[in-house]
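> Got protein-v7.csv for you, CSV, C-alpha atoms:
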chain,number,residue,atom,x,y,z
A,1,MET,CA,107.9,-84.8,-129.5
A,2,THR,CA,106.0,-88.0,-128.7
A,3,ALA,CA,105.9,-90.6,-131.5
A,4,PRO,CA,102.4,-91.9,-132.3
A,5,GLN,CA,103.2,-95.4,-131.2
A,6,GLN,CA,103.9,-94.1,-127.7
A,7,ALA,CA,100.3,-93.0,-127.3
A,8,VAL,CA,99.3,-96.7,-127.0
A,9,VAL,CA,99.1,-98.4,-123.6
A,10,TYR,CA,100.8,-101.8,-123.9
A,11,ASP,CA,100.1,-104.7,-121.5
A,12,SER,CA,102.6,-106.3,-119.1
A,13,ASN,CA,104.1,-108.1,-122.0
A,14,GLY,CA,104.5,-104.9,-124.0
A,15,LEU,CA,101.8,-105.8,-126.4
A,16,ALA,CA,98.4,-104.4,-127.6
A,17,PRO,CA,95.8,-106.2,-129.7
A,18,ALA,CA,95.5,-104.9,-133.3
A,19,ILE,CA,92.4,-105.5,-135.2
A,20,VAL,CA,92.8,-105.5,-139.0
A,21,GLN,CA,89.8,-104.4,-141.1
A,22,ASP,CA,89.4,-104.2,-144.8
A,23,ALA,CA,89.0,-100.5,-145.6
A,24,GLY,CA,86.8,-101.3,-148.6
A,25,THR,CA,84.5,-104.1,-147.5
A,26,LYS,CA,84.8,-103.2,-143.7
A,27,ALA,CA,85.2,-106.9,-143.0
A,28,VAL,CA,87.3,-107.8,-139.9
A,29,LEU,CA,90.2,-109.8,-141.3
A,30,MET,CA,92.3,-110.8,-138.3
A,31,LEU,CA,93.5,-109.9,-134.9
A,32,ALA,CA,97.2,-109.9,-134.1
A,33,TYR,CA,99.5,-108.2,-131.6
A,34,VAL,CA,101.8,-105.2,-131.8
A,35,ASP,CA,104.5,-103.9,-129.6
A,36,GLN,CA,105.8,-100.3,-129.9
A,37,GLU,CA,108.4,-101.3,-132.5
A,38,ALA,CA,105.9,-103.3,-134.6
A,39,LEU,CA,103.5,-100.3,-134.6
A,40,ARG,CA,106.4,-97.9,-135.4
A,41,ARG,CA,107.2,-100.1,-138.4
A,42,THR,CA,103.5,-100.2,-139.5
A,43,LEU,CA,103.2,-96.5,-139.4
A,44,GLU,CA,106.5,-95.9,-141.2
A,45,SER,CA,106.2,-98.6,-143.9
A,46,LYS,CA,102.4,-98.3,-144.4
A,47,THR,CA,102.2,-102.1,-144.3
A,48,THR,CA,101.2,-104.2,-141.3
A,49,TRP,CA,103.9,-105.4,-138.9
A,50,PHE,CA,103.1,-107.5,-135.8
A,51,TRP,CA,104.8,-109.3,-133.0
A,52,SER,CA,104.3,-113.1,-133.3
A,53,ARG,CA,103.8,-114.4,-129.8
A,54,SER,CA,104.3,-118.0,-130.9
A,55,ARG,CA,107.5,-117.4,-132.9
A,56,GLY,CA,108.8,-114.6,-130.8
A,57,GLU,CA,109.7,-112.4,-133.8
A,58,TYR,CA,108.5,-109.5,-135.8
A,59,TRP,CA,106.3,-110.4,-138.7
A,60,ASN,CA,105.6,-108.2,-141.8
A,61,LYS,CA,102.3,-109.6,-143.1
A,62,GLY,CA,102.6,-110.8,-146.7
A,63,ALA,CA,106.4,-110.6,-146.8
A,64,THR,CA,106.6,-114.3,-147.8
A,65,SER,CA,103.0,-115.0,-149.0
A,66,GLY,CA,102.7,-111.8,-151.0
A,67,ASN,CA,99.4,-111.0,-149.3
A,68,VAL,CA,100.6,-107.6,-148.1
A,69,GLN,CA,98.2,-105.3,-146.2
A,70,LYS,CA,98.5,-101.7,-147.3
A,71,VAL,CA,97.7,-99.4,-144.4
A,72,VAL,CA,95.0,-96.8,-145.0
A,73,ALA,CA,94.4,-95.6,-141.4
A,74,VAL,CA,95.5,-96.6,-137.9
A,75,ARG,CA,93.0,-95.9,-135.1
A,76,TYR,CA,93.2,-96.5,-131.4
A,77,ASP,CA,90.4,-96.8,-128.8
A,78,CYS,CA,89.2,-94.6,-126.0
A,79,ASP,CA,91.5,-96.1,-123.4
A,80,ALA,CA,94.3,-96.4,-125.9
A,81,ASP,CA,94.9,-100.1,-125.3
A,82,ALA,CA,93.7,-101.5,-128.6
A,83,VAL,CA,94.5,-100.6,-132.2
A,84,LEU,CA,92.4,-100.8,-135.4
A,85,ILE,CA,94.3,-100.9,-138.6
A,86,GLU,CA,92.3,-100.3,-141.8
A,87,VAL,CA,94.0,-101.9,-144.8
A,88,GLU,CA,93.7,-102.7,-148.5
A,89,PRO,CA,94.6,-106.4,-148.6
A,90,ALA,CA,96.5,-107.8,-151.6
A,91,GLY,CA,95.1,-111.3,-150.8
A,92,PRO,CA,93.6,-113.5,-148.1
A,93,ALA,CA,94.4,-112.6,-144.5
A,94,CYS,CA,94.2,-116.1,-143.2
A,95,HIS,CA,96.9,-118.8,-143.5
A,96,THR,CA,94.1,-121.2,-144.4
A,97,GLY,CA,93.5,-119.2,-147.6
A,98,GLU,CA,90.3,-117.8,-146.3
A,99,TYR,CA,89.7,-114.1,-146.9
A,100,SER,CA,89.2,-113.5,-143.2
A,101,CYS,CA,90.5,-115.5,-140.2
A,102,PHE,CA,87.0,-115.2,-138.7
A,103,TYR,CA,85.4,-117.5,-141.2
A,104,ARG,CA,83.7,-119.8,-138.6
A,105,ARG,CA,80.6,-119.1,-136.5
A,106,LEU,CA,80.7,-120.2,-132.9
A,107,ASP,CA,77.0,-119.8,-132.4
A,108,GLU,CA,76.1,-122.3,-135.1
A,109,ALA,CA,78.7,-124.9,-134.3
B,1,MET,CA,78.8,-132.5,-125.7
B,2,THR,CA,81.1,-129.6,-125.9
B,3,ALA,CA,79.6,-126.1,-125.3
B,4,PRO,CA,80.5,-123.5,-128.0
B,5,GLN,CA,82.4,-121.3,-125.5
B,6,GLN,CA,84.7,-124.3,-124.8
B,7,ALA,CA,86.0,-124.1,-128.4
B,8,VAL,CA,87.8,-120.9,-127.7
B,9,VAL,CA,91.4,-120.9,-126.5
B,10,TYR,CA,91.8,-118.5,-123.5
B,11,ASP,CA,95.1,-116.9,-122.4
B,12,SER,CA,96.9,-117.5,-119.1
B,13,ASN,CA,94.4,-115.2,-117.4
B,14,GLY,CA,91.5,-117.1,-118.8
B,15,LEU,CA,90.6,-114.3,-121.3
B,16,ALA,CA,90.2,-113.9,-125.0
B,17,PRO,CA,89.8,-110.6,-126.9
B,18,ALA,CA,86.4,-110.0,-128.3
B,19,ILE,CA,85.9,-107.5,-131.2
B,20,VAL,CA,82.5,-106.0,-131.4
B,21,GLN,CA,81.3,-105.0,-134.9
B,22,ASP,CA,78.1,-103.3,-136.0
B,23,ALA,CA,76.3,-105.9,-138.1
B,24,GLY,CA,74.7,-103.2,-140.2
B,25,THR,CA,77.4,-100.6,-140.8
B,26,LYS,CA,80.3,-103.1,-140.3
B,27,ALA,CA,82.1,-100.5,-138.2
B,28,VAL,CA,84.3,-101.9,-135.4
B,29,LEU,CA,82.7,-100.5,-132.2
B,30,MET,CA,85.0,-101.7,-129.4
B,31,LEU,CA,87.3,-104.4,-128.1
B,32,ALA,CA,86.8,-106.1,-124.8
B,33,TYR,CA,87.6,-109.4,-123.1
B,34,VAL,CA,85.6,-112.5,-122.5
B,35,ASP,CA,86.2,-115.5,-120.3
B,36,GLN,CA,84.4,-118.7,-120.8
B,37,GLU,CA,81.5,-117.6,-118.5
B,38,ALA,CA,81.1,-114.2,-120.2
B,39,LEU,CA,81.0,-115.9,-123.6
B,40,ARG,CA,78.4,-118.4,-122.3
B,41,ARG,CA,76.2,-115.6,-121.1
B,42,THR,CA,76.6,-113.8,-124.4
B,43,LEU,CA,75.6,-116.8,-126.4
B,44,GLU,CA,72.7,-117.6,-124.1
B,45,SER,CA,71.3,-114.0,-123.6
B,46,LYS,CA,72.0,-112.8,-127.1
B,47,THR,CA,73.4,-109.6,-125.5
B,48,THR,CA,77.1,-108.9,-125.0
B,49,TRP,CA,78.8,-109.9,-121.7
B,50,PHE,CA,82.4,-109.2,-121.0
B,51,TRP,CA,84.9,-109.6,-118.2
B,52,SER,CA,86.1,-106.1,-116.9
B,53,ARG,CA,89.8,-106.4,-116.2
B,54,SER,CA,89.8,-103.1,-114.4
B,55,ARG,CA,86.8,-103.7,-112.2
B,56,GLY,CA,87.2,-107.5,-111.9
B,57,GLU,CA,83.6,-108.3,-112.6
B,58,TYR,CA,81.2,-109.4,-115.3
B,59,TRP,CA,79.7,-106.6,-117.4
B,60,ASN,CA,76.6,-106.8,-119.4
B,61,LYS,CA,77.0,-104.0,-122.0
B,62,GLY,CA,74.2,-101.5,-121.8
B,63,ALA,CA,72.7,-102.9,-118.5
B,64,THR,CA,73.0,-99.4,-116.9
B,65,SER,CA,73.4,-97.1,-119.9
B,66,GLY,CA,70.6,-98.8,-122.0
B,67,ASN,CA,73.0,-99.1,-124.9
B,68,VAL,CA,72.5,-102.8,-125.2
B,69,GLN,CA,74.2,-104.7,-128.0
B,70,LYS,CA,71.9,-107.4,-129.5
B,71,VAL,CA,74.0,-110.3,-130.8
B,72,VAL,CA,73.5,-111.2,-134.4
B,73,ALA,CA,76.5,-113.6,-134.8
B,74,VAL,CA,79.5,-114.8,-132.9
B,75,ARG,CA,82.6,-115.8,-134.9
B,76,TYR,CA,86.0,-117.0,-133.9
B,77,ASP,CA,89.3,-117.0,-135.7
B,78,CYS,CA,91.4,-119.7,-137.3
B,79,ASP,CA,93.5,-120.4,-134.2
B,80,ALA,CA,90.4,-119.9,-131.9
B,81,ASP,CA,92.0,-117.3,-129.6
B,82,ALA,CA,89.9,-114.3,-130.6
B,83,VAL,CA,86.2,-113.7,-131.0
B,84,LEU,CA,84.2,-111.4,-133.3
B,85,ILE,CA,80.7,-110.5,-132.1
B,86,GLU,CA,78.4,-108.9,-134.7
B,87,VAL,CA,75.7,-106.8,-133.0
B,88,GLU,CA,72.8,-104.4,-133.5
B,89,PRO,CA,73.7,-101.6,-131.0
B,90,ALA,CA,70.9,-99.7,-129.3
B,91,GLY,CA,73.2,-96.7,-128.8
B,92,PRO,CA,76.9,-95.6,-128.7
B,93,ALA,CA,79.5,-98.2,-127.8
B,94,CYS,CA,81.8,-95.8,-126.1
B,95,HIS,CA,81.5,-94.4,-122.6
B,96,THR,CA,82.5,-91.0,-124.1
B,97,GLY,CA,79.3,-91.0,-126.1
B,98,GLU,CA,81.1,-91.7,-129.4
B,99,TYR,CA,79.5,-94.3,-131.7
B,100,SER,CA,82.7,-96.3,-131.8
B,101,CYS,CA,85.5,-96.5,-129.2
B,102,PHE,CA,88.0,-96.2,-132.2
B,103,TYR,CA,87.1,-92.6,-133.0
B,104,ARG,CA,90.7,-91.3,-133.0
B,105,ARG,CA,93.3,-91.7,-135.6
B,106,LEU,CA,96.8,-92.5,-134.5
B,107,ASP,CA,98.4,-91.8,-137.8
B,108,GLU,CA,97.2,-88.2,-138.0
B,109,ALA,CA,97.9,-87.3,-134.3
Before we go any further, please render this structure as structure tokens.

Amino acid sequence: MTAPQQAVVYDSNGLAPAIVQDAGTKAVLMLAYVDQEALRRTLESKTTWFWSRSRGEYWNKGATSGNVQKVVAVRYDCDADAVLIEVEPAGPACHTGEYSCFYRRLDEA
Amino acid sequence: MTAPQQAVVYDSNGLAPAIVQDAGTKAVLMLAYVDQEALRRTLESKTTWFWSRSRGEYWNKGATSGNVQKVVAVRYDCDADAVLIEVEPAGPACHTGEYSCFYRRLDEA
């Protein structure tokens, strides 16, 4: 039997972009990267796990800050190379304290 | 003066992921990639332009299908390596005819 995380097509670094969306407000909160193991942990724990490219380690969102993201649904796109995780966030998604990492407009800079 | 598209941090291939969201329904429609030129064209034309990694060419969404995405806002994230484009879509985002490319759930497969 194929595990769900094996349905995703990962890039040459073994990663796929994962969009995190607030299941309630529908706001896009952040974009991070998953490998097969991070996605497996996300599906199993029902909390978001990512691969940190800068730190080179797995990262359970909110494990230190308390701003855990409870997973409501995990979707993948038509060509299976991107993931959309719908969550209920316990607090801000951004390390700056902003609710969403996308708090700045580029077209009004 | 720095152009807005220069504020984005592109990867080693010169690309950054761009999330496309319906400005009205807030649904996430698709994820594609922009380089600096695609983002410049998006900001200038107020329609979405991407770099197609598979075809190796610029791609103005809807130019052939008619399913143009009118740009309402362009946002970027805290570390400036991902873009969120809010649009008014003229039709389905997905080449399958689905409204969103994320029409499948991975956690119910």
> Quick check: residues of chain B within 7 Å of chain A, all atoms listed in the file, returned as a list in words.
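The answer, sorted by residue number, is Pro4, Lys26, Ala27, Leu43, Ala73, Val74, Arg75, Tyr76, Asp77, Cys78, Cys101, Phe102, Tyr103, Arg104, Arg105, Leu106, Asp107 and Ala109 of chain B.
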> Go ahead and align chain A to chain B (same sequence, so just pair every C-alpha in order, least squares) and export the moved chain as a compact mmCIF listing (two decimals) with C-alpha atoms, in the frame of the given file.

# COMPACT_ATOMS: atom_id res chain seq x y z
CA MET A 1 78.72 -132.49 -125.80
CA THR A 2 81.15 -129.55 -125.90
CA ALA A 3 79.59 -126.11 -125.31
CA PRO A 4 80.52 -123.50 -127.94
CA GLN A 5 82.38 -121.36 -125.48
CA GLN A 6 84.78 -124.24 -124.85
CA ALA A 7 85.99 -124.12 -128.44
CA VAL A 8 87.84 -120.85 -127.61
CA VAL A 9 91.46 -120.89 -126.45
CA TYR A 10 91.76 -118.50 -123.49
CA ASP A 11 95.08 -116.94 -122.41
CA SER A 12 96.87 -117.52 -119.09
CA ASN A 13 94.42 -115.23 -117.46
CA GLY A 14 91.45 -117.13 -118.88
CA LEU A 15 90.56 -114.41 -121.25
CA ALA A 16 90.20 -113.89 -125.07
CA PRO A 17 89.84 -110.59 -126.91
CA ALA A 18 86.34 -109.96 -128.36
CA ILE A 19 85.93 -107.57 -131.14
CA VAL A 20 82.46 -106.01 -131.43
CA GLN A 21 81.26 -104.98 -134.92
CA ASP A 22 78.08 -103.36 -135.98
CA ALA A 23 76.27 -105.94 -138.12
CA GLY A 24 74.66 -103.20 -140.21
CA THR A 25 77.34 -100.59 -140.79
CA LYS A 26 80.28 -103.14 -140.29
CA ALA A 27 82.00 -100.51 -138.16
CA VAL A 28 84.31 -101.86 -135.39
CA LEU A 29 82.76 -100.54 -132.19
CA MET A 30 85.02 -101.76 -129.39
CA LEU A 31 87.30 -104.43 -128.16
CA ALA A 32 86.74 -106.02 -124.77
CA TYR A 33 87.58 -109.32 -123.08
CA VAL A 34 85.62 -112.49 -122.44
CA ASP A 35 86.20 -115.46 -120.27
CA GLN A 36 84.28 -118.75 -120.79
CA GLU A 37 81.45 -117.63 -118.50
CA ALA A 38 81.13 -114.19 -120.16
CA LEU A 39 80.94 -115.88 -123.61
CA ARG A 40 78.44 -118.48 -122.27
CA ARG A 41 76.27 -115.59 -121.09
CA THR A 42 76.60 -113.77 -124.48
CA LEU A 43 75.55 -116.79 -126.38
CA GLU A 44 72.64 -117.59 -124.06
CA SER A 45 71.28 -114.04 -123.57
CA LYS A 46 72.03 -112.79 -127.13
CA THR A 47 73.46 -109.62 -125.59
CA THR A 48 77.14 -108.88 -125.02
CA TRP A 49 78.73 -109.86 -121.71
CA PHE A 50 82.43 -109.23 -120.95
CA TRP A 51 84.92 -109.56 -118.17
CA SER A 52 86.10 -106.11 -116.97
CA ARG A 53 89.78 -106.42 -116.23
CA SER A 54 89.85 -103.11 -114.37
CA ARG A 55 86.80 -103.79 -112.17
CA GLY A 56 87.27 -107.49 -111.92
CA GLU A 57 83.59 -108.28 -112.62
CA TYR A 58 81.27 -109.39 -115.31
CA TRP A 59 79.77 -106.61 -117.33
CA ASN A 60 76.55 -106.81 -119.46
CA LYS A 61 77.00 -103.96 -121.95
CA GLY A 62 74.13 -101.46 -121.76
CA ALA A 63 72.69 -102.86 -118.53
CA THR A 64 72.98 -99.41 -116.87
CA SER A 65 73.39 -97.09 -119.93
CA GLY A 66 70.66 -98.75 -121.96
CA ASN A 67 73.01 -99.06 -124.93
CA VAL A 68 72.51 -102.82 -125.19
CA GLN A 69 74.23 -104.77 -128.00
CA LYS A 70 71.95 -107.37 -129.53
CA VAL A 71 74.00 -110.30 -130.77
CA VAL A 72 73.52 -111.29 -134.40
CA ALA A 73 76.48 -113.69 -134.86
CA VAL A 74 79.52 -114.79 -132.85
CA ARG A 75 82.60 -115.78 -134.88
CA TYR A 76 85.98 -117.00 -133.81
CA ASP A 77 89.32 -116.98 -135.69
CA CYS A 78 91.45 -119.65 -137.26
CA ASP A 79 93.45 -120.34 -134.12
CA ALA A 80 90.40 -119.91 -131.95
CA ASP A 81 91.97 -117.31 -129.67
CA ALA A 82 89.95 -114.27 -130.66
CA VAL A 83 86.21 -113.68 -130.97
CA LEU A 84 84.18 -111.38 -133.27
CA ILE A 85 80.76 -110.51 -132.10
CA GLU A 86 78.42 -108.91 -134.67
CA VAL A 87 75.75 -106.81 -132.97
CA GLU A 88 72.87 -104.39 -133.51
CA PRO A 89 73.71 -101.58 -131.08
CA ALA A 90 70.90 -99.72 -129.29
CA GLY A 91 73.25 -96.70 -128.83
CA PRO A 92 76.87 -95.58 -128.70
CA ALA A 93 79.46 -98.20 -127.79
CA CYS A 94 81.84 -95.81 -126.18
CA HIS A 95 81.57 -94.34 -122.65
CA THR A 96 82.53 -91.01 -124.20
CA GLY A 97 79.26 -91.04 -126.16
CA GLU A 98 81.02 -91.71 -129.37
CA TYR A 99 79.45 -94.31 -131.66
CA SER A 100 82.67 -96.29 -131.74
CA CYS A 101 85.54 -96.41 -129.19
CA PHE A 102 87.95 -96.15 -132.14
CA TYR A 103 87.06 -92.59 -132.95
CA ARG A 104 90.70 -91.27 -132.97
CA ARG A 105 93.36 -91.75 -135.65
CA LEU A 106 96.86 -92.48 -134.46
CA ASP A 107 98.43 -91.79 -137.80
CA GLU A 108 97.20 -88.21 -137.94
CA ALA A 109 97.89 -87.29 -134.36
> Please, what distance in Å, to one decimal, runs between atom CA of B:Glu86 and atom CA of B:Trp49?
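A separation of 13.0 Å between them.
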> In Å, with one decimal, what is the gap from atom CA of A:Leu39 to atom CA of A:Pro92?
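A separation of 21.3 Å between them.
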> May I ask for the distance between atom CA of B:Tyr33 and atom CA of B:Leu15, given in Å to one decimal place?
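Pair atom CA of B:Tyr33 / atom CA of B:Leu15 returns 6.0 Å.
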> If you count all atoms listed in the file, which residues fall within 8 Å of A:Val68, apart from same-chain ones fewer than 3 positions away, as a list in words?
Thr47, Thr48, Lys61, Gly62, Ala63, Ser65, Pro89, Ala90 and Gly91 of chain A
> Produce a file of the selected residues containing C-alpha atoms, as a short mmCIF file (atom, residue, chain, number, x, y, z; two decimals), keeping the file's coordinate frame.

data_model
loop_
_atom_site.label_atom_id
_atom_site.label_comp_id
_atom_site.auth_asym_id
_atom_site.auth_seq_id
_atom_site.Cartn_x
_atom_site.Cartn_y
_atom_site.Cartn_z
CA THR A 47 102.20 -102.10 -144.30
CA THR A 48 101.20 -104.20 -141.30
CA LYS A 61 102.30 -109.60 -143.10
CA GLY A 62 102.60 -110.80 -146.70
CA ALA A 63 106.40 -110.60 -146.80
CA SER A 65 103.00 -115.00 -149.00
CA PRO A 89 94.60 -106.40 -148.60
CA ALA A 90 96.50 -107.80 -151.60
CA GLY A 91 95.10 -111.30 -150.80
#
> Pick out the closest residue to A:Asn13 from this set: A:Arg53, A:Lys46, A:Glu88, A:Arg41. Count all atoms listed in the file.
A:Arg53
> Kindly output stretch 15-31 of chain A as a CSV table (one decimal), in the frame of the given file, after building N, CA and C atoms.

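Output file part_3.csv follows:
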chain,number,residue,atom,x,y,z
A,15,LEU,N,102.6,-105.6,-125.2
A,15,LEU,CA,101.8,-105.8,-126.4
A,15,LEU,C,100.4,-105.2,-126.3
A,16,ALA,N,99.8,-104.9,-127.5
A,16,ALA,CA,98.4,-104.4,-127.6
A,16,ALA,C,97.8,-105.2,-128.7
A,17,PRO,N,96.5,-105.5,-128.6
A,17,PRO,CA,95.8,-106.2,-129.7
A,17,PRO,C,95.6,-105.3,-130.8
A,18,ALA,N,95.8,-105.7,-132.1
A,18,ALA,CA,95.5,-104.9,-133.3
A,18,ALA,C,94.5,-105.7,-134.2
A,19,ILE,N,93.4,-105.0,-134.4
A,19,ILE,CA,92.4,-105.5,-135.2
A,19,ILE,C,92.7,-105.0,-136.6
A,20,VAL,N,92.6,-105.9,-137.6
A,20,VAL,CA,92.8,-105.5,-139.0
A,20,VAL,C,91.5,-105.6,-139.8
A,21,GLN,N,91.1,-104.5,-140.4
A,21,GLN,CA,89.8,-104.4,-141.1
A,21,GLN,C,90.1,-104.0,-142.5
A,22,ASP,N,89.3,-104.6,-143.4
A,22,ASP,CA,89.4,-104.2,-144.8
A,22,ASP,C,88.7,-102.9,-145.0
A,23,ALA,N,89.5,-101.9,-145.4
A,23,ALA,CA,89.0,-100.5,-145.6
A,23,ALA,C,87.9,-100.4,-146.6
A,24,GLY,N,87.9,-101.3,-147.5
A,24,GLY,CA,86.8,-101.3,-148.6
A,24,GLY,C,85.5,-102.0,-148.2
A,25,THR,N,85.6,-103.3,-147.8
A,25,THR,CA,84.5,-104.1,-147.5
A,25,THR,C,84.0,-103.9,-146.0
A,26,LYS,N,85.0,-103.4,-145.2
A,26,LYS,CA,84.8,-103.2,-143.7
A,26,LYS,C,84.8,-104.6,-143.0
A,27,ALA,N,85.1,-105.6,-143.6
A,27,ALA,CA,85.2,-106.9,-143.0
A,27,ALA,C,86.4,-106.9,-142.0
A,28,VAL,N,86.2,-107.6,-140.8
A,28,VAL,CA,87.3,-107.8,-139.9
A,28,VAL,C,88.1,-109.0,-140.4
A,29,LEU,N,89.4,-108.8,-140.7
A,29,LEU,CA,90.2,-109.8,-141.3
A,29,LEU,C,90.9,-110.7,-140.4
A,30,MET,N,91.5,-110.1,-139.3
A,30,MET,CA,92.3,-110.8,-138.3
A,30,MET,C,92.5,-110.0,-137.1
A,31,LEU,N,93.0,-110.6,-136.1
A,31,LEU,CA,93.5,-109.9,-134.9
A,31,LEU,C,94.9,-110.4,-134.6
